[in-house]
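Down below is the structure, laid out as structure tokens.
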Amino acid sequence: MRLLIHNTPAEVAVWAARHIAKRISDHAASGEVRPFVLGLPTGSTPLATYAELIRLHEAGKVSFANVVTFNMDEYVGLPEDHPESYHSFMWKNFFSHVDIPHENVNILNGNAPDLTVECAGYEAAIEVAGGIDLFLGGVGNDGHIAFNEPFSSMSSRTRVKSLTEDTIAANARFFGGDTSLVPRTALTVGVATILSAREVMILATGAGKARAVQQGVEGAYSHVWTITGLQAHQRGILVVDDPAATELRVSTYRYFKDIERENL
Ligand code: GLP
């Protein structure tokens, strides 16, 4: 696993956006006709990365015309046009600002008549698209990736998940602080869906993520902290800022600062 420790969240966003843009451009330059397949998260962490990707797009440095996206998750039962649905989030903060064709965007439908069929269809669609080239993600305070809460199976696939009280409380900030307005269940890709991507890049910023980062890097591979799944990936990258790295051992911190010194 690679760990890049930047000074600020802004530096994390710039590094992550450039990395994504480079992967998309390299894919196009390789002569590959199949679209580049990008997995995407919601949450506050990736917002700055989306802003930077929009900036790169406006500067003519990256095009999403031949990119297909699959979002990680969506609340169950929240209308698609609700301001806090992940559909609304993605269009507002990213898709409507770049040149991605509407039909290339895939987001789970949390209002599907049969949620099991919806989840199975999503996995099938990823396969038909040729698999995910790069999955971008954030991490919850308790180490969850997408909505794979602690003790989710490391071999899990897209399915319905109940949210923990911690996650409901954390996400209440998007619902005026009212936990009763936060949906209790969500559809989410599984840990194995994320780890099946050819590359996985997880972002973590702020002191609130320090414990999740510490477990993800130094903890044992375990379903208790689903972020540890990244340790088993051949191309796993964790991009963090300094406050998110504060729980790491000094030796770990120094090791990654040293080995990535040319890339920071
Ligand atoms: C939710 C999302 C995750 C996200 C997490 C952290 O649980 N399902 O994908 O990583 O929140 O969000 P934030 O970046 O706002 O801290």
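Residue numbering restarts at 1 in every chain; chains get A, B, ... in the order shown in the structure tokens, and ligands count up from 1 in that same order.
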Considering only C-alpha atoms and all ligand atoms, give me a table of residues in chain A that are at most 7 Å from ligand 1, with the closest atom pair and distance in Å for each, as a tab-separated table.
residue	atom	partner	partner_atom_place_in_ligand_line	distance
A:Pro41	CA	ligand 1	9 (O)	5.2
A:Thr42	CA	ligand 1	9 (O)	5.5
A:Gly43	CA	ligand 1	15 (O)	3.6
A:Ser44	CA	ligand 1	15 (O)	3.7
A:Thr45	CA	ligand 1	14 (O)	3.7
A:Pro46	CA	ligand 1	14 (O)	6.4
A:Met72	CA	ligand 1	9 (O)	6.7
A:Asp73	CA	ligand 1	8 (N)	6.2
A:Gly137	CA	ligand 1	10 (O)	6.0
A:Gly138	CA	ligand 1	10 (O)	3.4
A:Val139	CA	ligand 1	10 (O)	3.8
A:Gly140	CA	ligand 1	6 (C)	4.1
A:Ile145	CA	ligand 1	10 (O)	5.7
A:Ala146	CA	ligand 1	9 (O)	3.8
A:Phe147	CA	ligand 1	8 (N)	4.6
A:Thr167	CA	ligand 1	7 (O)	6.1
A:Asn171	CA	ligand 1	11 (O)	7.0
Just to be explicit: take each residue in the selection above, keep C-alpha atoms, and write the result as a short mmCIF file (atom, residue, chain, number, x, y, z; two decimals), in the first residue's frame.
data_model
loop_
_atom_site.label_atom_id
_atom_site.label_comp_id
_atom_site.auth_asym_id
_atom_site.auth_seq_id
_atom_site.Cartn_x
_atom_site.Cartn_y
_atom_site.Cartn_z
CA PRO A 41 -17.63 8.55 -3.46
CA THR A 42 -19.71 11.21 -1.80
CA GLY A 43 -18.96 12.88 1.55
CA SER A 44 -17.21 16.10 2.43
CA THR A 45 -13.66 14.78 1.90
CA PRO A 46 -13.77 14.39 -1.91
CA MET A 72 -20.31 3.81 -4.19
CA ASP A 73 -23.61 4.12 -2.44
CA GLY A 137 -13.14 6.62 -1.82
CA GLY A 138 -13.30 8.36 1.52
CA VAL A 139 -13.37 6.71 4.93
CA GLY A 140 -15.70 7.01 7.90
CA ILE A 145 -15.40 2.42 3.19
CA ALA A 146 -18.53 3.21 1.15
CA PHE A 147 -21.20 2.09 3.67
CA THR A 167 -22.74 6.93 10.89
CA ASN A 171 -24.31 12.25 8.54
#
Give me the residues within 9 Å of Lys161 (chain A) as an mmCIF file with C-alpha atoms, in the first residue's frame, counting only C-alpha atoms and dropping any in the same chain fewer than 2 places off.
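After the write, out_12.cif holds the following:
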data_model
loop_
_atom_site.group_PDB
_atom_site.id
_atom_site.type_symbol
_atom_site.label_atom_id
_atom_site.label_comp_id
_atom_site.auth_asym_id
_atom_site.auth_seq_id
_atom_site.Cartn_x
_atom_site.Cartn_y
_atom_site.Cartn_z
ATOM 1 C CA PHE A 147 -21.204 2.092 3.666
ATOM 2 C CA ASN A 148 -19.339 -1.074 4.663
ATOM 3 C CA GLU A 149 -19.717 -0.580 8.367
ATOM 4 C CA ARG A 159 -26.204 -4.958 -1.148
ATOM 5 C CA LEU A 163 -26.285 2.189 9.033
ATOM 6 C CA ARG A 184 -31.524 4.052 8.341
ATOM 7 C CA THR A 185 -30.431 1.939 5.389
ATOM 8 C CA ALA A 186 -28.411 2.401 2.247
ATOM 9 C CA LEU A 187 -27.364 0.509 -0.856
ATOM 10 C CA THR A 188 -23.619 0.149 -1.046
#
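Checking A:Ala220, A:Leu238, A:Ile259, A:Leu78 one by one against Ala112 (chain A), counting only C-alpha atoms, you find the shortest gap at A:Leu78.
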Which residue out of A:Leu108, A:Ala59, A:Val200, A:Leu248 has the minimum interatomic distance to Glu218 (chain A) when only C-alpha atoms are used?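 Of all the options, A:Leu248 lies closest to Glu218 (chain A).
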Interatomic distance, CA of Arg2 (chain A) to CA of Gln214 (chain A) (Å, one decimal):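 Distance between the two atoms: 13.6 Å.
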Which residues are near region 4-6 of chain A? Cut-off 10 Å, only C-alpha atoms, ignore same chain within fewer than 5 positions. Put them as a ChimeraX atom specification. /A:11-13,15,203-205,237-245,253-254,256-257,259-261,263-264
Output N, CA and C atoms for every residue in that selection, as a CSV table (one decimal), in the first residue's frame.
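Ended up saving to part04.csv:
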chain,number,residue,atom,x,y,z
A,11,GLU,N,-3.7,20.2,-0.6
A,11,GLU,CA,-2.7,19.4,-1.3
A,11,GLU,C,-3.2,18.0,-1.6
A,12,VAL,N,-3.9,17.4,-0.7
A,12,VAL,CA,-4.5,16.1,-0.9
A,12,VAL,C,-5.4,16.1,-2.1
A,13,ALA,N,-6.2,17.2,-2.2
A,13,ALA,CA,-7.2,17.3,-3.4
A,13,ALA,C,-6.4,17.4,-4.7
A,15,TRP,N,-3.3,16.5,-5.4
A,15,TRP,CA,-2.6,15.3,-5.8
A,15,TRP,C,-3.6,14.3,-6.3
A,203,LEU,N,-9.1,8.7,0.3
A,203,LEU,CA,-8.6,10.0,0.9
A,203,LEU,C,-9.1,10.1,2.3
A,204,ALA,N,-8.3,10.7,3.2
A,204,ALA,CA,-8.7,11.0,4.6
A,204,ALA,C,-8.0,12.3,5.0
A,205,THR,N,-8.9,13.2,5.5
A,205,THR,CA,-8.3,14.5,5.9
A,205,THR,C,-8.9,14.8,7.3
A,237,ILE,N,-3.8,3.0,-2.6
A,237,ILE,CA,-3.2,4.3,-2.2
A,237,ILE,C,-4.0,5.0,-1.2
A,238,LEU,N,-3.4,5.4,-0.1
A,238,LEU,CA,-4.1,6.2,0.9
A,238,LEU,C,-3.5,7.6,0.8
A,239,VAL,N,-4.3,8.6,0.6
A,239,VAL,CA,-3.8,10.0,0.5
A,239,VAL,C,-4.4,10.8,1.7
A,240,VAL,N,-3.5,11.3,2.6
A,240,VAL,CA,-4.0,11.9,3.8
A,240,VAL,C,-3.3,13.2,4.0
A,241,ASP,N,-3.9,14.0,5.0
A,241,ASP,CA,-3.2,15.3,5.4
A,241,ASP,C,-2.5,15.0,6.7
A,242,ASP,N,-1.8,15.9,7.2
A,242,ASP,CA,-1.0,15.7,8.4
A,242,ASP,C,-1.9,15.4,9.7
A,243,PRO,N,-3.0,16.2,9.9
A,243,PRO,CA,-3.8,15.8,11.1
A,243,PRO,C,-4.3,14.4,11.0
A,244,ALA,N,-4.6,13.9,9.8
A,244,ALA,CA,-5.1,12.5,9.7
A,244,ALA,C,-4.0,11.5,10.0
A,245,ALA,N,-2.8,11.9,10.0
A,245,ALA,CA,-1.7,11.0,10.2
A,245,ALA,C,-1.1,11.0,11.6
A,253,TYR,N,5.3,7.1,10.1
A,253,TYR,CA,5.2,8.4,9.5
A,253,TYR,C,6.5,8.7,8.7
A,254,ARG,N,7.6,8.5,9.3
A,254,ARG,CA,8.9,8.8,8.7
A,254,ARG,C,9.2,7.9,7.5
A,256,PHE,N,7.0,6.5,5.4
A,256,PHE,CA,6.3,6.9,4.2
A,256,PHE,C,6.7,8.3,3.7
A,257,LYS,N,7.0,9.2,4.6
A,257,LYS,CA,7.5,10.5,4.1
A,257,LYS,C,8.8,10.4,3.3
A,259,ILE,N,9.9,7.4,1.7
A,259,ILE,CA,9.8,6.6,0.5
A,259,ILE,C,9.0,7.4,-0.6
A,260,GLU,N,8.1,8.3,-0.2
A,260,GLU,CA,7.3,9.1,-1.2
A,260,GLU,C,7.9,10.5,-1.3
A,261,ARG,N,9.1,10.7,-0.9
A,261,ARG,CA,9.6,12.1,-0.9
A,261,ARG,C,9.5,12.8,-2.2
A,263,ASN,N,7.3,12.3,-4.5
A,263,ASN,CA,5.9,12.4,-5.0
A,263,ASN,C,5.0,13.4,-4.2
A,264,LEU,N,5.6,14.0,-3.2
A,264,LEU,CA,4.8,14.9,-2.3
A,264,LEU,C,4.9,16.4,-2.8
Long-range neighbours of Ser25 (chain A) as a count of residues only, 10 Å cut-off, only C-alpha atoms, 3 positions minimum in chain: 12
Where in region 145-205 of chain A does DSSP assign strand (DSSP E), given as a PDB file with C-alpha atoms, in the first residue's frame?
ATOM      1  CA  ARG A 159     -26.204  -4.958  -1.148  1.00  0.00           C
ATOM      2  CA  VAL A 160     -28.536  -3.273   1.344  1.00  0.00           C
ATOM      3  CA  LYS A 161     -26.838  -2.227   4.608  1.00  0.00           C
ATOM      4  CA  SER A 162     -28.172  -0.885   7.886  1.00  0.00           C
ATOM      5  CA  THR A 185     -30.431   1.939   5.389  1.00  0.00           C
ATOM      6  CA  ALA A 186     -28.411   2.401   2.247  1.00  0.00           C
ATOM      7  CA  LEU A 187     -27.364   0.509  -0.856  1.00  0.00           C
ATOM      8  CA  THR A 188     -23.619   0.149  -1.046  1.00  0.00           C
ATOM      9  CA  VAL A 200      -8.098   1.978  -5.215  1.00  0.00           C
ATOM     10  CA  MET A 201      -7.371   5.432  -3.819  1.00  0.00           C
ATOM     11  CA  ILE A 202      -8.781   6.413  -0.419  1.00  0.00           C
ATOM     12  CA  LEU A 203      -8.650  10.005   0.879  1.00  0.00           C
ATOM     13  CA  ALA A 204      -8.663  10.992   4.552  1.00  0.00           C
TER      14      ALA A 204
END
CA of Glu58 (chain A) and CA of His102 (chain A), how far apart in Å?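 Straight-line distance from CA of His102 (chain A) to CA of Glu58 (chain A) works out to 18.3 Å.
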